[in-house]
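*Asks:* One structure coming up, written as structure tokens, with questions to follow.
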Amino acid sequence: VHLIPVNPVREDGLNPKSRKRIMPDLLTEPPAIDPVYEAQVYCNVPTIAERSMEGHAPHYFKLVSVQVLIRHGDRYPLYAIPKTKRPDIDCMLVPSRKPSHPQLEAFIKHMSKGSAAQMDGSLSSLPHFPSHSLCEMGELTQTGVVQHLRNGQLLREVYINKHKLLPGDWTARQLYLESTGKSRTLQSALALLYSFLPDFDWRKINMRHQWSTIFCSGSCDCPMRNHYLEEEQRRQYSLRVKNNDLEKIYVDMARIVGIPTRQLRASNPIDSLLCYFCHNVSFPCTKAGCINMEHFKVIKRHQLKDERERQEKKLYFLYALLATHPLLNQTVNRLQRIAEGKKEEVFVLYSAHDVTLSPVLSALGITEARFPRFAARLVFELWQDGKRPKEHFIRILYNGADVTFQTSFCKDHYKRSSKPMCPLEKFVNFVKRDMFLIFNSTSYYDACHRRAL
């Protein structure tokens, strides 16, 4: 028997060396995958205060930059189930209605002004907050606004109040803000910024428009990325047609609403059903019966199975590497500039979608991460070692949990390091070189244009 020495355990049960690296949820996580529980996590309804590990580092480390990638908050469905009444959700912002936030009323007043902001392209024509008594398709809800007011408040307490990342007289040059051209992403970004910034000043808000959901900017030409995405979609289809339980549920739901099964499947019922579920609204009924929780569970269970198989088959991973390289490359270049002493763009916010965050998590090798919930946040922190000022380290956090050592490029470093973070050069080498090794390539262009083996 080999006896392995362990660190002494403190009275609160935490290992003193590793307490900043893990966020155990032993009492709240059910032992097996429960589709209803997973759906509740996905909804992310703001109820209890969230624990987070952002901003944790040895006392002699200095925080020099934070880059945040968010998914928009809770939204109305993008698809409707044919021949059913749309879920009755009010998208007017009413501070007295739950869920609410102490800053919601002030946020509404501030957003009503906003003419001094610089908004790129089509962003300038989008509303700054949701305002329809019956939500429009894809519109951010009050829940979605509150989720990001909470995100901003949480990040402000850590990065502004504790670490002084931005001074009270911050300037537009210290921020880099980018959003896709959807009202839900712009409004989510504004909600987060409103509760995050030391003083929200429209004249300093310069929001850039990103036309691509994968934020590939000027590097979007990548035939092999499209190839792997098509292969992944074939895998998804194959898994779906093999699932007899799922097919039975679709047939039954199609009977209830009185349409062909194929038409129901095409209407993506889970997107609509999640809205009923997240807002605690009864599923739709017709004269032929009601869609019920059993229908919902089977579809959600298949979705979870699909996510597991997606990770195992690696097609999505290959897609993710090529899809996210432009964004990760931009991130690395900015971190390098700041490490060299530049004081611009120290806080970065990308406001995006699940189809943005999901491939980034996959490309980084964070396989244990859940599919991005509403208002999910992925944070890159850059730290300077106070004892060796030329040395810089990164921490990566997903929804407040430290996932730095789940990444493919820093897994091994974890075993040897006494510091709860990863050397910046490991991230740089991964993005500039190692991402292409699996394609037998040395550059993004080559990997994008080399035929699959």
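Identifiers in this document derive from the order of the structure tokens: chains are assigned A, B, ..., residues are numbered from 1 separately in each chain, and ligands are numbered from 1 in order of occurrence.
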Please report, as a Markdown table, each residue of range 171-277 of chain A lying at most 12 Å from range 150-156 of chain A, together with the nearest pair of atoms and the separation in Å rounded to one decimal; use only C-alpha atoms, and order rows by chain and ascending residue number.
*Replies:*
| residue | atom | partner | partner_atom | distance |
| --- | --- | --- | --- | --- |
| A:Ser188 | CA | A:Asn151 | CA | 10.0 |
| A:Ala189 | CA | A:Gly152 | CA | 9.2 |
| A:Leu190 | CA | A:Gly152 | CA | 9.5 |
| A:Ala191 | CA | A:Gly152 | CA | 7.4 |
| A:Leu192 | CA | A:Gly152 | CA | 4.2 |
| A:Leu193 | CA | A:Gly152 | CA | 6.1 |
| A:Tyr194 | CA | A:Gly152 | CA | 7.2 |
| A:Ser195 | CA | A:Gly152 | CA | 4.9 |
| A:Phe196 | CA | A:Gly152 | CA | 4.3 |
| A:Leu197 | CA | A:Arg156 | CA | 6.9 |
| A:Pro198 | CA | A:Arg156 | CA | 7.9 |
| A:Asp199 | CA | A:Arg156 | CA | 11.0 |
| A:Phe200 | CA | A:Gly152 | CA | 11.7 |
*Asks:* Would you save the residues from that selection as a short mmCIF file (atom, residue, chain, number, x, y, z; two decimals), in the first residue's frame, using C-alpha atoms?
*Replies:*
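Contents of the output file again.cif:
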data_model
loop_
_atom_site.label_atom_id
_atom_site.label_comp_id
_atom_site.auth_asym_id
_atom_site.auth_seq_id
_atom_site.Cartn_x
_atom_site.Cartn_y
_atom_site.Cartn_z
CA SER A 188 -27.94 42.13 -21.83
CA ALA A 189 -24.63 43.98 -22.28
CA LEU A 190 -26.19 47.29 -21.20
CA ALA A 191 -27.76 45.71 -18.09
CA LEU A 192 -24.42 44.20 -17.05
CA LEU A 193 -22.50 47.43 -17.74
CA TYR A 194 -25.06 49.55 -15.90
CA SER A 195 -24.55 47.69 -12.61
CA PHE A 196 -20.81 47.06 -13.21
CA LEU A 197 -19.28 50.42 -14.16
CA PRO A 198 -18.24 52.87 -11.40
CA ASP A 199 -20.47 55.46 -13.05
CA PHE A 200 -22.51 54.58 -16.15
#
*Asks:* Find the residues near range 211-218 of chain A: any atom within 6 Å, counting only C-alpha atoms, skip ones fewer than 4 places away on the same chain, and give them as a count of residues only.
*Replies:* 4
*Asks:* Select, from A:Ile438, A:Leu273, A:Ala369, A:Leu397, the residue with the minimum atom-to-atom distance to Cys43 in chain A, counting only C-alpha atoms.
*Replies:*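 Of the candidates, the smallest distance to Cys43 in chain A is held by A:Leu273.
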*Asks:* To one decimal place in Å, what is the distance between CA of Met207 in chain A and CA of Gly181 in chain A?
*Replies:*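 Going from CA of Met207 in chain A over to CA of Gly181 in chain A, I get 10.6 Å.
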*Asks:* Hey, could you make a per-residue contact list for range 28-103 of chain A against range 382-396 of chain A with 6 Å as the cut-off, showing the nearest pair of atoms and its distance in Å to one decimal, counting only C-alpha atoms, sorted by chain and number, as a Markdown table?
*Replies:*
| residue | atom | partner | partner_atom | distance |
| --- | --- | --- | --- | --- |
| A:Tyr60 | CA | A:Gly386 | CA | 5.2 |
| A:Phe61 | CA | A:Asp385 | CA | 4.8 |
| A:Lys62 | CA | A:Gln384 | CA | 5.1 |
| A:Leu63 | CA | A:Trp383 | CA | 4.6 |
| A:Val64 | CA | A:Trp383 | CA | 5.7 |
| A:Ser65 | CA | A:Leu382 | CA | 5.0 |
*Asks:* Show me, as an NGL selection string, the residues that have an atom within 7 Å of Lys297 in chain A when counting only C-alpha atoms, minus same-chain residues fewer than 3 positions from it.
*Replies:* :A and (35-36 or 293-294 or 300-301)
*Asks:* Quick one: pick out all strand (DSSP E or B) residues within range 101-194 of chain A from a backbone DSSP run and write them as a PyMOL selection string.
*Replies:* chain A and resi 118-119+140+175-180
*Asks:* Which value, in Å to one decimal, gives the distance between CA of Gln187 in chain A and CA of Leu349 in chain A?
*Replies:* 12.7 Å
*Asks:* Go through A:Phe374, A:Phe129, A:Tyr237, A:Tyr79 one by one, measure the shortest atom-to-atom distance of each to Ser183 in chain A using only C-alpha atoms, and give the residue with the smallest value.
*Replies:*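 Of all the options, A:Phe129 lies closest to Ser183 in chain A.
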*Asks:* Range 372-426 of chain A: which residues are alpha helix (DSSP H) by DSSP, as a compact mmCIF listing (two decimals) with all heavy atoms, in the first residue's frame?
*Replies:*
# COMPACT_ATOMS: atom_id res chain seq x y z
N LYS A 411 -3.90 21.68 -17.70
CA LYS A 411 -4.17 20.52 -16.84
C LYS A 411 -2.92 20.04 -16.13
O LYS A 411 -2.93 19.78 -14.93
CB LYS A 411 -4.73 19.38 -17.69
CG LYS A 411 -6.24 19.35 -17.76
CD LYS A 411 -6.72 18.09 -18.44
CE LYS A 411 -8.24 18.05 -18.38
NZ LYS A 411 -8.87 17.82 -19.66
N ASP A 412 -1.83 19.88 -16.88
CA ASP A 412 -0.60 19.33 -16.29
C ASP A 412 0.08 20.32 -15.37
O ASP A 412 0.69 19.94 -14.38
CB ASP A 412 0.38 18.92 -17.41
CG ASP A 412 -0.18 17.75 -18.21
OD1 ASP A 412 -1.04 17.03 -17.69
OD2 ASP A 412 0.24 17.59 -19.38
N HIS A 413 -0.03 21.60 -15.68
CA HIS A 413 0.62 22.63 -14.85
C HIS A 413 0.06 22.59 -13.42
O HIS A 413 0.78 22.86 -12.46
CB HIS A 413 0.39 24.01 -15.48
CG HIS A 413 1.08 25.11 -14.73
ND1 HIS A 413 2.44 25.31 -14.81
CD2 HIS A 413 0.61 26.05 -13.88
CE1 HIS A 413 2.76 26.34 -14.04
NE2 HIS A 413 1.66 26.81 -13.46
N TYR A 414 -1.22 22.24 -13.31
CA TYR A 414 -1.90 22.19 -12.02
C TYR A 414 -1.14 21.30 -11.03
O TYR A 414 -1.04 21.62 -9.85
CB TYR A 414 -3.31 21.64 -12.26
CG TYR A 414 -4.11 21.34 -11.02
CD1 TYR A 414 -4.51 22.35 -10.16
CD2 TYR A 414 -4.48 20.03 -10.71
CE1 TYR A 414 -5.25 22.07 -9.03
CE2 TYR A 414 -5.23 19.74 -9.58
CZ TYR A 414 -5.61 20.77 -8.75
OH TYR A 414 -6.36 20.50 -7.63
N LYS A 415 -0.58 20.19 -11.53
CA LYS A 415 0.08 19.23 -10.65
C LYS A 415 1.38 19.79 -10.09
O LYS A 415 1.85 19.36 -9.03
CB LYS A 415 0.37 17.93 -11.42
CG LYS A 415 -0.88 17.22 -11.92
CD LYS A 415 -0.55 16.20 -12.99
CE LYS A 415 -1.81 15.67 -13.66
NZ LYS A 415 -1.53 14.94 -14.88
N ARG A 416 1.99 20.74 -10.80
CA ARG A 416 3.30 21.23 -10.39
C ARG A 416 3.28 22.62 -9.74
O ARG A 416 4.26 23.06 -9.19
CB ARG A 416 4.23 21.30 -11.62
CG ARG A 416 4.41 19.99 -12.36
CD ARG A 416 5.51 20.12 -13.39
NE ARG A 416 5.25 21.15 -14.38
CZ ARG A 416 4.55 20.95 -15.50
NH1 ARG A 416 4.06 19.75 -15.75
NH2 ARG A 416 4.37 21.92 -16.36
N LEU A 424 0.55 32.88 -18.45
CA LEU A 424 -0.03 33.43 -19.67
C LEU A 424 0.54 32.76 -20.92
O LEU A 424 -0.18 32.48 -21.88
CB LEU A 424 0.22 34.95 -19.73
CG LEU A 424 -0.22 35.66 -21.02
CD1 LEU A 424 -1.70 35.50 -21.28
CD2 LEU A 424 0.17 37.14 -20.98
N GLU A 425 1.86 32.44 -20.91
CA GLU A 425 2.47 31.88 -22.12
C GLU A 425 1.86 30.53 -22.51
O GLU A 425 1.86 30.15 -23.68
CB GLU A 425 3.99 31.76 -22.00
CG GLU A 425 4.50 30.92 -20.86
CD GLU A 425 4.82 31.76 -19.62
OE1 GLU A 425 4.23 32.86 -19.46
OE2 GLU A 425 5.67 31.31 -18.81
N LYS A 426 1.31 29.79 -21.53
CA LYS A 426 0.67 28.51 -21.87
C LYS A 426 -0.59 28.75 -22.71
O LYS A 426 -0.87 28.02 -23.66
CB LYS A 426 0.32 27.73 -20.60
CG LYS A 426 1.55 27.09 -19.93
CD LYS A 426 1.14 26.05 -18.92
CE LYS A 426 2.34 25.24 -18.45
NZ LYS A 426 2.90 24.37 -19.50
*Asks:* For Leu104 in chain A, please output as an NGL selection string all residues within 10 Å (counting only C-alpha atoms; exclusion window: fewer than 3 positions along the same chain).
*Replies:* :A and (93-96 or 100-101 or 107-110 or 142 or 145-146 or 149 or 191 or 194-195)
